[in-house]
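> Got model-v3.cif for you, mmCIF, C-alpha atoms:
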```
data_structure
#
loop_
_atom_site.label_atom_id
_atom_site.label_comp_id
_atom_site.auth_asym_id
_atom_site.auth_seq_id
_atom_site.Cartn_x
_atom_site.Cartn_y
_atom_site.Cartn_z
CA MET R 101 0.00 0.00 0.00
CA ASN R 102 1.49 3.35 -1.04
CA TYR R 103 0.46 6.77 0.25
CA GLN R 104 -2.26 7.43 -2.33
CA GLU R 105 -3.68 3.94 -1.83
CA ALA R 106 -3.73 4.52 1.91
CA LEU R 107 -5.65 7.80 1.55
CA LYS R 108 -8.06 6.19 -0.91
CA TYR R 109 -8.71 3.37 1.54
CA ILE R 110 -9.36 5.81 4.41
CA GLU R 111 -11.68 7.90 2.26
CA SER R 112 -13.58 4.78 1.19
CA THR R 113 -14.69 4.28 4.79
CA GLN R 114 -16.68 7.54 4.72
CA LYS R 115 -19.58 5.35 3.54
CA PHE R 116 -19.88 4.06 7.12
CA GLY R 117 -20.66 7.61 8.27
CA SER R 118 -19.79 9.28 11.56
CA ILE R 119 -21.10 6.88 14.19
CA LEU R 120 -20.37 7.57 17.84
CA GLY R 121 -19.47 4.62 20.05
CA LEU R 122 -16.35 2.92 21.38
CA GLU R 123 -16.93 -0.74 20.46
CA ARG R 124 -15.24 -0.60 17.04
CA ILE R 125 -12.22 1.47 18.12
CA GLN R 126 -11.74 -0.67 21.23
CA LYS R 127 -11.62 -3.85 19.13
CA LEU R 128 -9.32 -2.29 16.53
CA MET R 129 -6.90 -1.01 19.16
CA GLU R 130 -6.92 -4.41 20.88
CA LEU R 131 -5.91 -6.07 17.60
CA LEU R 132 -3.13 -3.46 17.24
CA GLY R 133 -1.79 -4.19 20.74
CA ASN R 134 -3.35 -1.17 22.49
CA PRO R 135 -0.41 1.21 21.91
CA GLN R 136 -2.48 4.07 23.36
CA ASN R 137 -2.19 2.46 26.79
CA ARG R 138 1.58 3.08 26.70
CA LEU R 139 1.31 6.80 25.95
CA LYS R 140 0.75 9.85 28.16
CA PHE R 141 -2.03 12.21 27.14
CA VAL R 142 -3.62 15.60 27.56
CA HIS R 143 -7.22 15.08 26.41
CA ILE R 144 -8.98 18.23 25.17
CA ALA R 145 -12.75 18.56 24.67
CA GLY R 146 -15.00 21.58 24.09
CA THR R 147 -16.87 23.46 21.40
CA ASN R 148 -14.32 26.16 20.57
CA GLY R 149 -10.66 26.68 21.41
CA LYS R 150 -9.50 23.04 21.35
CA GLY R 151 -7.11 23.45 18.44
CA SER R 152 -5.64 26.69 19.76
CA THR R 153 -5.02 25.03 23.13
CA VAL R 154 -3.19 22.20 21.36
CA ALA R 155 -1.14 24.76 19.41
CA PHE R 156 -0.10 26.72 22.51
CA MET R 157 0.70 23.67 24.63
CA GLY R 158 2.45 21.90 21.77
CA SER R 159 4.71 24.85 21.06
CA VAL R 160 5.66 25.29 24.72
CA LEU R 161 6.35 21.60 25.35
CA SER R 162 8.34 21.30 22.10
CA HIS R 163 10.47 24.32 23.04
CA ALA R 164 11.07 22.67 26.42
CA GLY R 165 12.58 19.68 24.61
CA TYR R 166 9.74 17.16 24.73
CA LYS R 167 8.65 15.01 21.81
CA VAL R 168 5.03 16.08 21.46
CA GLY R 169 2.38 14.26 19.45
CA MET R 170 -0.56 16.42 18.35
CA TYR R 171 -3.84 15.08 17.02
CA THR R 172 -6.35 17.60 15.65
CA SER R 173 -9.14 17.72 13.09
CA PRO R 174 -10.02 18.56 10.44
CA GLY R 175 -6.72 18.84 8.58
CA PHE R 176 -5.91 22.37 7.47
CA HIS R 177 -3.17 21.87 4.88
CA GLY R 178 -4.43 18.47 3.76
CA PHE R 179 -4.62 15.10 5.46
CA ASN R 180 -1.24 14.71 7.13
CA ASP R 181 -1.34 17.72 9.43
CA ARG R 182 -4.00 16.06 11.57
CA ILE R 183 -1.17 13.94 12.98
CA ARG R 184 1.98 15.83 13.94
CA ILE R 185 5.04 15.54 16.12
CA GLY R 186 6.26 18.99 17.03
CA GLY R 187 5.93 21.00 13.85
CA ARG R 188 6.29 17.96 11.54
CA ASP R 189 3.35 16.25 9.85
CA ILE R 190 3.27 12.47 9.66
CA GLU R 191 5.43 11.37 6.72
CA ASP R 192 3.71 9.87 3.67
CA HIS R 193 5.65 6.61 3.86
CA ARG R 194 4.91 6.15 7.57
CA LEU R 195 1.22 6.80 7.01
CA ALA R 196 1.13 4.21 4.24
CA GLU R 197 3.11 1.62 6.19
CA ILE R 198 0.94 1.91 9.31
CA MET R 199 -2.27 1.91 7.30
CA GLU R 200 -1.23 -1.37 5.68
CA ARG R 201 -1.13 -2.98 9.13
CA ILE R 202 -4.40 -1.35 10.20
CA ARG R 203 -6.15 -2.63 7.07
CA TRP R 204 -5.17 -6.20 7.97
CA ARG R 205 -6.74 -5.77 11.41
CA ILE R 206 -9.90 -4.29 9.89
CA ASP R 207 -10.11 -7.30 7.57
CA ASP R 208 -9.86 -9.49 10.67
CA MET R 209 -12.73 -7.58 12.29
CA ILE R 210 -14.95 -7.94 9.24
CA SER R 211 -14.14 -11.66 8.91
CA GLN R 212 -15.35 -12.07 12.50
CA GLY R 213 -18.67 -10.48 11.57
CA LEU R 214 -17.87 -7.17 13.28
CA ASP R 215 -18.63 -3.73 11.88
CA SER R 216 -15.87 -1.87 10.06
CA PRO R 217 -14.42 1.11 11.94
CA THR R 218 -15.43 4.54 10.67
CA GLU R 219 -13.08 6.95 8.93
CA PHE R 220 -12.36 8.96 12.10
CA GLU R 221 -11.77 5.80 14.13
CA ILE R 222 -9.23 4.59 11.59
CA ILE R 223 -7.40 7.94 11.60
CA THR R 224 -7.38 7.91 15.41
CA ALA R 225 -5.89 4.41 15.44
CA LEU R 226 -3.28 5.52 12.90
CA ALA R 227 -2.30 8.42 15.16
CA PHE R 228 -1.97 6.22 18.26
CA VAL R 229 0.27 3.71 16.48
CA TYR R 230 2.43 6.48 15.01
CA PHE R 231 2.87 8.37 18.29
CA PHE R 232 3.78 5.19 20.14
CA GLU R 233 6.27 3.95 17.56
CA GLU R 234 7.89 7.40 17.37
CA GLY R 235 8.36 7.48 21.15
CA CYS R 236 6.36 10.59 22.01
CA ASP R 237 6.79 11.89 25.56
CA ILE R 238 3.28 13.36 25.61
CA VAL R 239 0.31 13.44 23.21
CA LEU R 240 -2.12 16.37 22.94
CA LEU R 241 -5.34 14.69 21.88
CA GLU R 242 -8.22 16.77 20.53
CA VAL R 243 -11.68 15.24 20.75
CA GLY R 244 -13.38 14.91 17.37
CA LEU R 245 -17.03 15.22 18.42
CA GLY R 246 -18.52 15.38 21.90
CA GLY R 247 -16.33 13.34 24.20
CA ARG R 248 -18.09 10.43 25.91
CA LEU R 249 -18.47 8.31 22.78
CA ASP R 250 -15.75 9.92 20.66
CA SER R 251 -13.12 7.47 19.44
CA THR R 252 -10.35 9.39 21.23
CA ASN R 253 -12.02 8.38 24.51
CA VAL R 254 -10.65 4.87 24.11
CA ILE R 255 -7.61 6.05 26.09
CA GLU R 256 -7.11 5.38 29.78
CA ALA R 257 -7.02 8.30 32.22
CA PRO R 258 -4.89 11.13 30.76
CA LEU R 259 -2.48 13.18 32.86
CA VAL R 260 -4.70 16.21 32.27
CA SER R 261 -8.19 16.66 30.86
CA VAL R 262 -9.05 20.08 29.46
CA ILE R 263 -12.57 21.28 28.71
CA THR R 264 -12.58 24.50 26.71
CA SER R 265 -15.51 26.80 25.99
CA ILE R 266 -18.82 24.95 25.50
CA ASP R 267 -21.67 26.22 23.34
CA TYR R 268 -24.47 24.94 21.15
CA ASP R 269 -23.09 22.84 18.28
CA HIS R 270 -23.86 19.43 16.77
CA MET R 271 -27.15 19.52 18.68
CA ASP R 272 -28.62 16.72 16.55
CA ILE R 273 -26.00 14.43 18.10
CA LEU R 274 -24.98 15.95 21.45
CA GLY R 275 -28.31 17.32 22.72
CA ASN R 276 -30.42 20.46 22.64
CA THR R 277 -29.41 21.99 25.97
CA LEU R 278 -26.08 23.12 27.39
CA GLU R 279 -26.51 20.56 30.17
CA GLU R 280 -26.80 17.72 27.65
CA ILE R 281 -23.87 18.98 25.59
CA ALA R 282 -21.72 19.49 28.69
CA CYS R 283 -22.55 15.95 29.86
CA GLU R 284 -21.17 14.58 26.58
CA LYS R 285 -18.01 16.71 26.87
CA ALA R 286 -17.53 15.66 30.51
CA GLY R 287 -17.58 12.05 29.31
CA ILE R 288 -13.80 12.28 28.83
CA LEU R 289 -13.30 12.45 32.61
CA LYS R 290 -11.87 9.35 34.26
CA PRO R 291 -10.56 8.63 37.78
CA GLY R 292 -6.86 9.46 37.91
CA THR R 293 -6.92 12.55 35.71
CA GLU R 294 -7.05 16.23 36.70
CA LEU R 295 -9.39 18.69 35.03
CA VAL R 296 -8.53 22.18 33.76
CA LEU R 297 -11.86 23.91 33.16
CA TYR R 298 -12.54 27.02 31.07
CA PRO R 299 -15.24 29.21 32.70
CA GLN R 300 -18.63 27.97 31.49
CA ALA R 301 -22.25 29.01 31.59
CA GLU R 302 -23.68 28.04 34.98
CA GLU R 303 -25.77 25.14 33.70
CA ALA R 304 -22.82 23.60 31.82
CA GLU R 305 -20.34 24.11 34.64
CA ARG R 306 -22.67 22.50 37.18
CA VAL R 307 -22.86 19.28 35.13
CA ILE R 308 -19.08 19.10 34.69
CA LEU R 309 -18.28 19.79 38.33
CA GLN R 310 -20.79 17.16 39.47
CA LYS R 311 -19.15 14.57 37.22
CA ALA R 312 -15.68 15.49 38.49
CA ASP R 313 -16.87 15.30 42.10
CA VAL R 314 -18.39 11.83 41.65
CA LEU R 315 -15.14 10.58 40.12
CA GLY R 316 -12.91 12.28 42.70
CA ILE R 317 -11.12 14.35 40.08
CA PRO R 318 -9.24 17.53 41.14
CA VAL R 319 -10.57 20.57 39.25
CA HIS R 320 -8.49 23.60 38.28
CA ARG R 321 -11.08 26.26 37.43
CA VAL R 322 -9.49 28.90 35.23
CA SER R 323 -10.25 32.50 36.14
CA PHE R 324 -9.68 35.49 33.88
CA GLU R 325 -9.92 38.01 36.74
CA HIS R 326 -6.15 38.45 36.79
CA VAL R 327 -5.78 38.80 33.02
CA GLU R 328 -5.05 42.26 31.64
CA TYR R 329 -5.08 42.89 27.91
CA LEU R 330 -2.11 45.14 27.06
CA GLY R 331 -2.70 45.87 23.38
CA HIS R 332 -1.98 44.60 19.89
CA ASP R 333 -0.72 45.41 16.42
CA ASP R 334 -1.24 43.49 13.17
CA TYR R 335 1.32 40.85 14.17
CA THR R 336 1.29 40.35 17.95
CA GLN R 337 -0.79 40.95 21.06
CA ASN R 338 0.32 41.36 24.67
CA PHE R 339 -1.30 40.49 27.98
CA SER R 340 -0.42 39.99 31.62
CA TYR R 341 -1.55 37.10 33.78
CA GLU R 342 -0.84 36.93 37.48
CA GLN R 343 1.64 39.80 37.09
CA GLU R 344 3.63 38.12 34.32
CA GLU R 345 3.63 39.58 30.80
CA TYR R 346 3.21 37.41 27.71
CA ARG R 347 3.18 37.99 23.96
CA LEU R 348 1.34 36.01 21.27
CA THR R 349 1.49 35.94 17.50
CA ILE R 350 -1.88 34.16 17.33
CA LEU R 351 -4.25 37.13 17.13
CA GLY R 352 -7.70 37.70 18.61
CA GLU R 353 -8.49 38.65 22.19
CA HIS R 354 -10.16 35.26 22.76
CA GLN R 355 -6.78 33.64 22.15
CA VAL R 356 -5.49 35.30 25.30
CA LYS R 357 -8.04 33.21 27.21
CA ASN R 358 -7.01 30.06 25.37
CA ALA R 359 -3.38 30.84 26.23
CA VAL R 360 -4.28 31.20 29.92
CA VAL R 361 -6.06 27.82 29.85
CA SER R 362 -2.91 26.37 28.29
CA ILE R 363 -0.73 27.90 31.00
CA GLU R 364 -2.89 26.30 33.68
CA ALA R 365 -2.79 22.91 31.97
CA LEU R 366 0.99 23.20 31.64
CA ASN R 367 1.19 23.97 35.36
CA VAL R 368 -0.58 20.69 36.10
CA LEU R 369 1.80 18.83 33.78
CA ASP R 370 4.70 20.50 35.57
CA SER R 371 3.44 19.05 38.87
CA LYS R 372 3.46 15.62 37.21
CA GLY R 373 7.09 15.85 36.10
CA LEU R 374 6.94 17.50 32.69
CA ARG R 375 8.93 20.57 33.70
CA VAL R 376 8.87 23.73 31.62
CA PRO R 377 11.19 26.63 32.56
CA HIS R 378 9.31 29.94 32.60
CA ASP R 379 11.40 31.51 29.86
CA LEU R 380 10.57 28.60 27.57
CA LEU R 381 6.89 28.89 28.50
CA LYS R 382 6.91 32.49 27.31
CA ARG R 383 8.86 31.69 24.17
CA GLY R 384 6.63 28.73 23.34
CA LEU R 385 3.48 30.84 23.62
CA LEU R 386 5.01 33.54 21.42
CA MET R 387 6.10 31.06 18.75
CA ALA R 388 2.83 29.11 18.65
CA LYS R 389 1.05 29.07 15.28
CA TRP R 390 -2.54 28.13 14.51
CA PRO R 391 -3.38 29.00 10.91
CA GLY R 392 -6.85 30.04 9.83
CA ARG R 393 -7.90 31.61 13.12
CA PHE R 394 -8.16 35.40 12.82
CA GLU R 395 -5.12 35.25 10.58
CA ILE R 396 -4.16 38.29 8.53
CA LEU R 397 -2.97 37.39 5.03
CA THR R 398 -2.53 40.80 3.35
CA HIS R 399 -2.52 44.43 4.47
CA ALA R 400 -3.64 46.63 1.55
CA PRO R 401 -6.45 45.75 1.53
CA MET R 402 -6.54 43.91 4.83
CA MET R 403 -7.48 40.31 4.13
CA LEU R 404 -8.04 37.89 7.00
CA ILE R 405 -9.43 34.41 7.47
CA ASP R 406 -11.18 32.88 10.45
CA GLY R 407 -12.43 29.33 10.85
CA ALA R 408 -15.48 30.44 12.88
CA HIS R 409 -18.18 27.92 12.00
CA ASN R 410 -20.72 28.11 14.82
CA LEU R 411 -22.55 30.88 16.66
CA GLN R 412 -20.07 31.23 19.52
CA GLY R 413 -17.15 31.31 17.10
CA VAL R 414 -18.80 34.03 14.98
CA GLN R 415 -19.61 36.07 18.08
CA VAL R 416 -15.92 35.96 18.99
CA LEU R 417 -15.00 36.87 15.40
CA LYS R 418 -17.31 39.90 15.44
CA GLY R 419 -15.83 41.02 18.75
CA ASN R 420 -12.34 40.84 17.29
CA LEU R 421 -13.38 42.72 14.14
CA ASP R 422 -14.94 45.44 16.29
CA LYS R 423 -11.76 45.69 18.38
CA TYR R 424 -9.21 45.60 15.57
CA PHE R 425 -11.22 47.56 12.97
CA PRO R 426 -13.66 49.83 14.84
CA ASP R 427 -16.28 51.67 12.79
CA ARG R 428 -15.28 49.81 9.61
CA LYS R 429 -17.67 48.01 7.28
CA ILE R 430 -16.39 44.55 6.32
CA ILE R 431 -16.48 42.75 2.98
CA PHE R 432 -17.26 39.13 3.83
CA ILE R 433 -16.62 35.89 1.99
CA MET R 434 -18.89 33.26 3.50
CA GLY R 435 -19.45 29.53 3.05
CA VAL R 436 -21.25 27.32 5.57
CA LEU R 437 -22.57 23.84 6.21
CA GLN R 438 -26.33 23.52 6.19
CA ASP R 439 -26.44 21.77 9.58
CA LYS R 440 -24.88 24.81 11.29
CA SER R 441 -26.84 27.70 12.84
CA TYR R 442 -26.04 29.84 9.81
CA MET R 443 -28.92 32.29 10.27
CA GLU R 444 -27.77 33.17 13.79
CA MET R 445 -24.18 33.39 12.50
CA LEU R 446 -25.33 35.72 9.74
CA TYR R 447 -27.27 37.99 12.08
CA GLU R 448 -24.09 38.52 14.13
CA VAL R 449 -22.14 40.02 11.23
CA LEU R 450 -24.86 41.72 9.16
CA PRO R 451 -24.59 45.01 11.15
CA ILE R 452 -20.92 45.40 10.20
CA ALA R 453 -21.16 44.04 6.64
CA ARG R 454 -20.74 46.09 3.48
CA ARG R 455 -21.38 43.14 1.16
CA PHE R 456 -20.96 39.38 0.90
CA TYR R 457 -19.47 36.97 -1.61
CA THR R 458 -20.88 33.49 -1.04
CA VAL R 459 -19.35 30.12 -1.92
CA THR R 460 -20.39 26.49 -1.71
CA VAL R 461 -18.12 24.60 0.66
CA ASP R 462 -16.63 21.39 -0.77
CA ASN R 463 -18.54 19.13 1.59
CA GLN R 464 -21.66 17.02 1.15
CA ARG R 465 -23.28 18.90 4.06
CA ALA R 466 -22.72 22.31 2.46
CA LEU R 467 -25.39 24.98 2.10
CA HIS R 468 -25.30 26.00 -1.55
CA GLY R 469 -23.75 29.44 -2.01
CA GLU R 470 -26.67 30.59 -4.18
CA ASP R 471 -29.13 29.75 -1.38
CA LEU R 472 -26.95 31.67 1.06
CA ARG R 473 -26.83 34.63 -1.33
CA ARG R 474 -30.64 34.76 -1.54
CA ILE R 475 -30.94 34.69 2.25
CA ILE R 476 -28.52 37.59 2.63
CA VAL R 477 -30.22 39.68 -0.06
CA ASN R 478 -33.57 39.08 1.65
CA GLU R 479 -32.00 40.55 4.78
CA GLY R 480 -31.25 43.74 2.86
CA THR R 481 -27.50 43.40 2.23
CA ASP R 482 -25.71 43.05 -1.11
CA ALA R 483 -24.50 39.54 -1.84
CA PHE R 484 -22.98 37.84 -4.87
CA TYR R 485 -22.63 34.11 -5.46
CA CYS R 486 -19.27 32.88 -6.75
CA GLU R 487 -18.78 29.45 -8.27
CA SER R 488 -15.33 29.01 -6.74
CA VAL R 489 -13.34 30.25 -3.77
CA GLU R 490 -10.79 31.79 -6.15
CA GLU R 491 -13.53 33.77 -7.89
CA ALA R 492 -14.79 35.04 -4.53
CA ILE R 493 -11.30 36.19 -3.54
CA LYS R 494 -10.75 38.00 -6.83
CA GLU R 495 -14.17 39.67 -6.71
CA ALA R 496 -13.66 40.80 -3.12
CA LEU R 497 -10.19 42.18 -3.86
CA SER R 498 -11.51 43.97 -6.93
CA ALA R 499 -14.26 45.64 -4.89
CA ALA R 500 -11.97 46.66 -2.03
CA GLU R 501 -10.00 49.86 -1.55
CA ASP R 502 -6.58 49.76 0.12
CA ASN R 503 -8.05 50.66 3.51
CA ASP R 504 -10.89 48.10 3.34
CA VAL R 505 -11.12 44.86 5.31
CA ILE R 506 -12.05 41.51 3.76
CA CYS R 507 -12.89 38.59 6.03
CA ALA R 508 -13.48 34.99 4.91
CA PHE R 509 -15.27 32.80 7.47
CA GLY R 510 -17.95 30.16 7.96
CA SER R 511 -16.23 26.78 7.61
CA LEU R 512 -12.74 25.39 7.99
CA TYR R 513 -13.45 23.20 4.97
CA TYR R 514 -12.83 26.11 2.57
CA ILE R 515 -10.69 28.52 4.61
CA ASN R 516 -7.51 26.72 3.65
CA GLU R 517 -8.34 27.33 -0.02
CA VAL R 518 -8.24 31.05 0.71
CA ARG R 519 -4.94 30.73 2.51
CA SER R 520 -3.45 28.56 -0.25
CA TYR R 521 -4.45 31.12 -2.88
CA PHE R 522 -2.30 33.78 -1.24
CA GLU R 523 0.58 31.39 -0.56
CA THR R 524 0.60 30.42 -4.26
CA PHE R 525 0.43 34.06 -5.31
CA GLU R 526 3.38 34.94 -3.06
CA ASN R 527 5.42 32.07 -4.49
CA LEU R 528 4.88 33.43 -8.01
CA LEU R 529 6.29 36.85 -7.12
#
```
Show the structure stored in the file as structure tokens.


Amino acid sequence: MNYQEALKYIESTQKFGSILGLERIQKLMELLGNPQNRLKFVHIAGTNGKGSTVAFMGSVLSHAGYKVGMYTSPGFHGFNDRIRIGGRDIEDHRLAEIMERIRWRIDDMISQGLDSPTEFEIITALAFVYFFEEGCDIVLLEVGLGGRLDSTNVIEAPLVSVITSIDYDHMDILGNTLEEIACEKAGILKPGTELVLYPQAEEAERVILQKADVLGIPVHRVSFEHVEYLGHDDYTQNFSYEQEEYRLTILGEHQVKNAVVSIEALNVLDSKGLRVPHDLLKRGLLMAKWPGRFEILTHAPMMLIDGAHNLQGVQVLKGNLDKYFPDRKIIFIMGVLQDKSYMEMLYEVLPIARRFYTVTVDNQRALHGEDLRRIIVNEGTDAFYCESVEEAIKEALSAAEDNDVICAFGSLYYINEVRSYFETFENLL
């Protein structure tokens, strides 16, 4: 099996859908020798901020000299960057070689009359095998969906469990109330771990704290009372936390909060033997990268991308746009999935919008860009449907003056296309 054959095999399992449950992944990992049981983990659940937390913690721990596995989804630059060690994606040949072995085990499962693992379960198994065979000191493991029945929850108790900001998302699967959603997220908690908890709405926090209490899990409740925002430019932002000053190159005021959550999680790891000198903590936070999250690509006009794809994410995006570009009307490029709360997302940004260019995201769950255009026009704002992301970028740039702001948002499934367009353009200069 070569690399392309491995990807084709993984993609072929999309037909099994996204089915929550641990039976298939447990059997697959058992056939693979349960390598995940010989790794140390930080398990990260939540609605928003999971990937940023992985980015901050991964950068700090890597700068401190640890071999850090990082598992995130979806991939931003393609498939391989879902599975990384430090700043290095899994190599094509390693992916292919491990997938060959996993396919044999899946064949064994099917021959025994068992269900085939889903696509995400297979990718998760691939990551566990890779991180174990590469000798990772610690793995930062992002939950795919929910927590309780997510395939990443096949692990034993992690050193630290982190629950980031929780909001309404995937309600058809996780539940219609914050209590129900929080219960699914809290499903990652196991006796023997410690919990670092982002401040939540009262009803969500109550559920999580009750679960932690029943399991006897120490809880480190993050507080932002001692955080002071010190300012920003187009490249960095500064803040102080507990009288220490820090600098980030990941922009957006919400990222300060994600950085503070990361600091608290790193403090817990420090107490468990993964020491990080304070100077390397600061350097790691500064050097952390997380593309596609309030990321500025050009300056005249200002062009930025943000992976905000649910209501809470768009509320944060609007807050950042108001802070960085006060009293400015924004030209938006927007593409969304039809199972998202796109009307609520739209209402957040309509007051600051000059016009929209809509696209159809390359995903079977996409809302067609022409349908989105009609909705926006009915709300009284100019909107134009574009048949490709490249066309939307060119149209937006053509309509913009040097002092205008263009923002592409709505789904991570197309944001990388925007980023790649500018990377390709730069390489041609």

> Hey, what comes out of the PyMOL selection byres ((chain R and resi 508) around 9) on this file? Could you write it as a list of chain:residue names?

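After applying the PyMOL selection byres ((chain R and resi 508) around 9), what remains is R:Met403, R:Leu404, R:Ile405, R:Asp406, R:Gly407, R:Ile431, R:Phe432, R:Ile433, R:Met434, R:Gly435, R:Ile493, R:Ile506, R:Cys507, R:Phe509, R:Gly510, R:Ile515, R:Val518.
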
> Return the single residue from R:Gln300, R:Gln136, R:Gln355, R:Thr252 that is closest to Ser152 of chain R, with distances computed using only C-alpha atoms.

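Comparing R:Gln300, R:Gln136, R:Gln355, R:Thr252 against Ser152 of chain R, the winner is R:Gln355.
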
> So, counting only C-alpha atoms, which residue among R:Val322, R:Ala359, R:Val327, R:Leu421 is closest to Lys150 of chain R?

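Once distances to Lys150 of chain R are computed over only C-alpha atoms, the minimum belongs to R:Ala359.
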
> To verify the selection step, state as a VMD selection string which residues the PyMOL selection byres ((chain R and resi 351) around 9) yields on this input.

chain R and resid 332 334 to 337 348 to 350 352 to 356 393 to 396 420

> Atom CA of His320 of chain R and atom CA of Thr293 of chain R are how many Å apart?

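Rounded to one decimal, the two atoms are 11.5 Å apart.
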
> So which residues get picked by the PyMOL selection byres ((chain R and resi 222) around 12) here, written as a PDB file with C-alpha atoms, in the frame of the given file?


```
ATOM      1  CA  ALA R 106      -3.730   4.520   1.910  1.00  0.00           C
ATOM      2  CA  LEU R 107      -5.650   7.800   1.550  1.00  0.00           C
ATOM      3  CA  TYR R 109      -8.710   3.370   1.540  1.00  0.00           C
ATOM      4  CA  ILE R 110      -9.360   5.810   4.410  1.00  0.00           C
ATOM      5  CA  GLU R 111     -11.680   7.900   2.260  1.00  0.00           C
ATOM      6  CA  SER R 112     -13.580   4.780   1.190  1.00  0.00           C
ATOM      7  CA  THR R 113     -14.690   4.280   4.790  1.00  0.00           C
ATOM      8  CA  GLN R 114     -16.680   7.540   4.720  1.00  0.00           C
ATOM      9  CA  PHE R 116     -19.880   4.060   7.120  1.00  0.00           C
ATOM     10  CA  SER R 118     -19.790   9.280  11.560  1.00  0.00           C
ATOM     11  CA  ARG R 124     -15.240  -0.600  17.040  1.00  0.00           C
ATOM     12  CA  ILE R 125     -12.220   1.470  18.120  1.00  0.00           C
ATOM     13  CA  GLN R 126     -11.740  -0.670  21.230  1.00  0.00           C
ATOM     14  CA  LYS R 127     -11.620  -3.850  19.130  1.00  0.00           C
ATOM     15  CA  LEU R 128      -9.320  -2.290  16.530  1.00  0.00           C
ATOM     16  CA  MET R 129      -6.900  -1.010  19.160  1.00  0.00           C
ATOM     17  CA  LEU R 132      -3.130  -3.460  17.240  1.00  0.00           C
ATOM     18  CA  LEU R 195       1.220   6.800   7.010  1.00  0.00           C
ATOM     19  CA  ILE R 198       0.940   1.910   9.310  1.00  0.00           C
ATOM     20  CA  MET R 199      -2.270   1.910   7.300  1.00  0.00           C
ATOM     21  CA  GLU R 200      -1.230  -1.370   5.680  1.00  0.00           C
ATOM     22  CA  ARG R 201      -1.130  -2.980   9.130  1.00  0.00           C
ATOM     23  CA  ILE R 202      -4.400  -1.350  10.200  1.00  0.00           C
ATOM     24  CA  ARG R 203      -6.150  -2.630   7.070  1.00  0.00           C
ATOM     25  CA  ARG R 205      -6.740  -5.770  11.410  1.00  0.00           C
ATOM     26  CA  ILE R 206      -9.900  -4.290   9.890  1.00  0.00           C
ATOM     27  CA  SER R 216     -15.870  -1.870  10.060  1.00  0.00           C
ATOM     28  CA  PRO R 217     -14.420   1.110  11.940  1.00  0.00           C
ATOM     29  CA  THR R 218     -15.430   4.540  10.670  1.00  0.00           C
ATOM     30  CA  GLU R 219     -13.080   6.950   8.930  1.00  0.00           C
ATOM     31  CA  PHE R 220     -12.360   8.960  12.100  1.00  0.00           C
ATOM     32  CA  GLU R 221     -11.770   5.800  14.130  1.00  0.00           C
ATOM     33  CA  ILE R 223      -7.400   7.940  11.600  1.00  0.00           C
ATOM     34  CA  THR R 224      -7.380   7.910  15.410  1.00  0.00           C
ATOM     35  CA  ALA R 225      -5.890   4.410  15.440  1.00  0.00           C
ATOM     36  CA  LEU R 226      -3.280   5.520  12.900  1.00  0.00           C
ATOM     37  CA  ALA R 227      -2.300   8.420  15.160  1.00  0.00           C
ATOM     38  CA  PHE R 228      -1.970   6.220  18.260  1.00  0.00           C
ATOM     39  CA  VAL R 229       0.270   3.710  16.480  1.00  0.00           C
ATOM     40  CA  SER R 251     -13.120   7.470  19.440  1.00  0.00           C
ATOM     41  CA  THR R 252     -10.350   9.390  21.230  1.00  0.00           C
TER      42      THR R 252
END
```

> Need the shell around Val239 of chain R: protein/DNA/RNA residues with any atom at most 7 Å away, counting only C-alpha atoms. Skip same-chain ones fewer than 5 positions apart. Format as a VMD selection string?

chain R and resid 140 to 142 168 to 170

> Rounded to one decimal, what separation in Å do you get between atom CA of Pro451 of chain R and atom CA of Glu302 of chain R?

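Between atom CA of Pro451 of chain R and atom CA of Glu302 of chain R the gap is 29.3 Å.
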
> Using only C-alpha atoms for the distances, tell me which of R:Ser265, R:Gln343, R:Asn180, R:Gln464 is nearest to Tyr230 of chain R.

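When distances to Tyr230 of chain R are compared using only C-alpha atoms, the smallest one comes from R:Asn180.
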
> Interatomic distance between atom CA of Val376 of chain R and atom CA of Phe232 of chain R?

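These atoms are spaced 22.4 Å apart.
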
> Have a look at R:Arg375, R:Arg428, R:Gln104, R:Thr172 and name the one nearest to Glu197 of chain R; count all atoms listed in the file.

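Among R:Arg375, R:Arg428, R:Gln104, R:Thr172, it is R:Gln104 that comes nearest to Glu197 of chain R.
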
> Taking all atoms listed in the file into account, which of R:Ile363, R:Leu374, R:Ala496, R:Leu330 comes nearest Met402 of chain R?

R:Ala496

> Provide an axis-aligned box for all listed atoms of segment 475-486 of chain R, padding each side by 5 Å; report its centre and its edge lengths in Å to one decimal, as AutoDock Vina command-line options.


```
--center_x -26.4 --center_y 38.3 --center_z -1.0 --size_x 24.3 --size_y 20.9 --size_z 21.5
```

> Let me make sure I understand: among R:Asn516, R:Thr264, R:Asn148, R:Asn253, which one has the smallest atom-to-atom distance to Val489 of chain R if we use all atoms listed in the file?

R:Asn516

> I need every residue sitting at most 7 Å from the point (0.2, 20.3, 21.7) (coordinates as in the file, all atoms listed in the file considered), written as a list in words.

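Here is the list of nearby residues: Val154, Ala155, Phe156, Met157, Gly158, Ser159, Val168, Gly169, Met170 and Leu240 of chain R.
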
> Would you list the residues near (-3.7, 21.7, 6.0) (no more than 10 Å away, in the coordinates of the file, using all atoms listed in the file) as a PyMOL selection string?

chain R and resi 173-182+189+391-392+512-513+515-517+519-520

> I'd like the contact shell of Leu472 of chain R - 10 Å cut-off, only C-alpha atoms, skipping same-chain residues fewer than 5 positions apart - returned as a PyMOL selection string.

chain R and resi 434-436+438+442-443+446+456-460+467+477-478+483-485
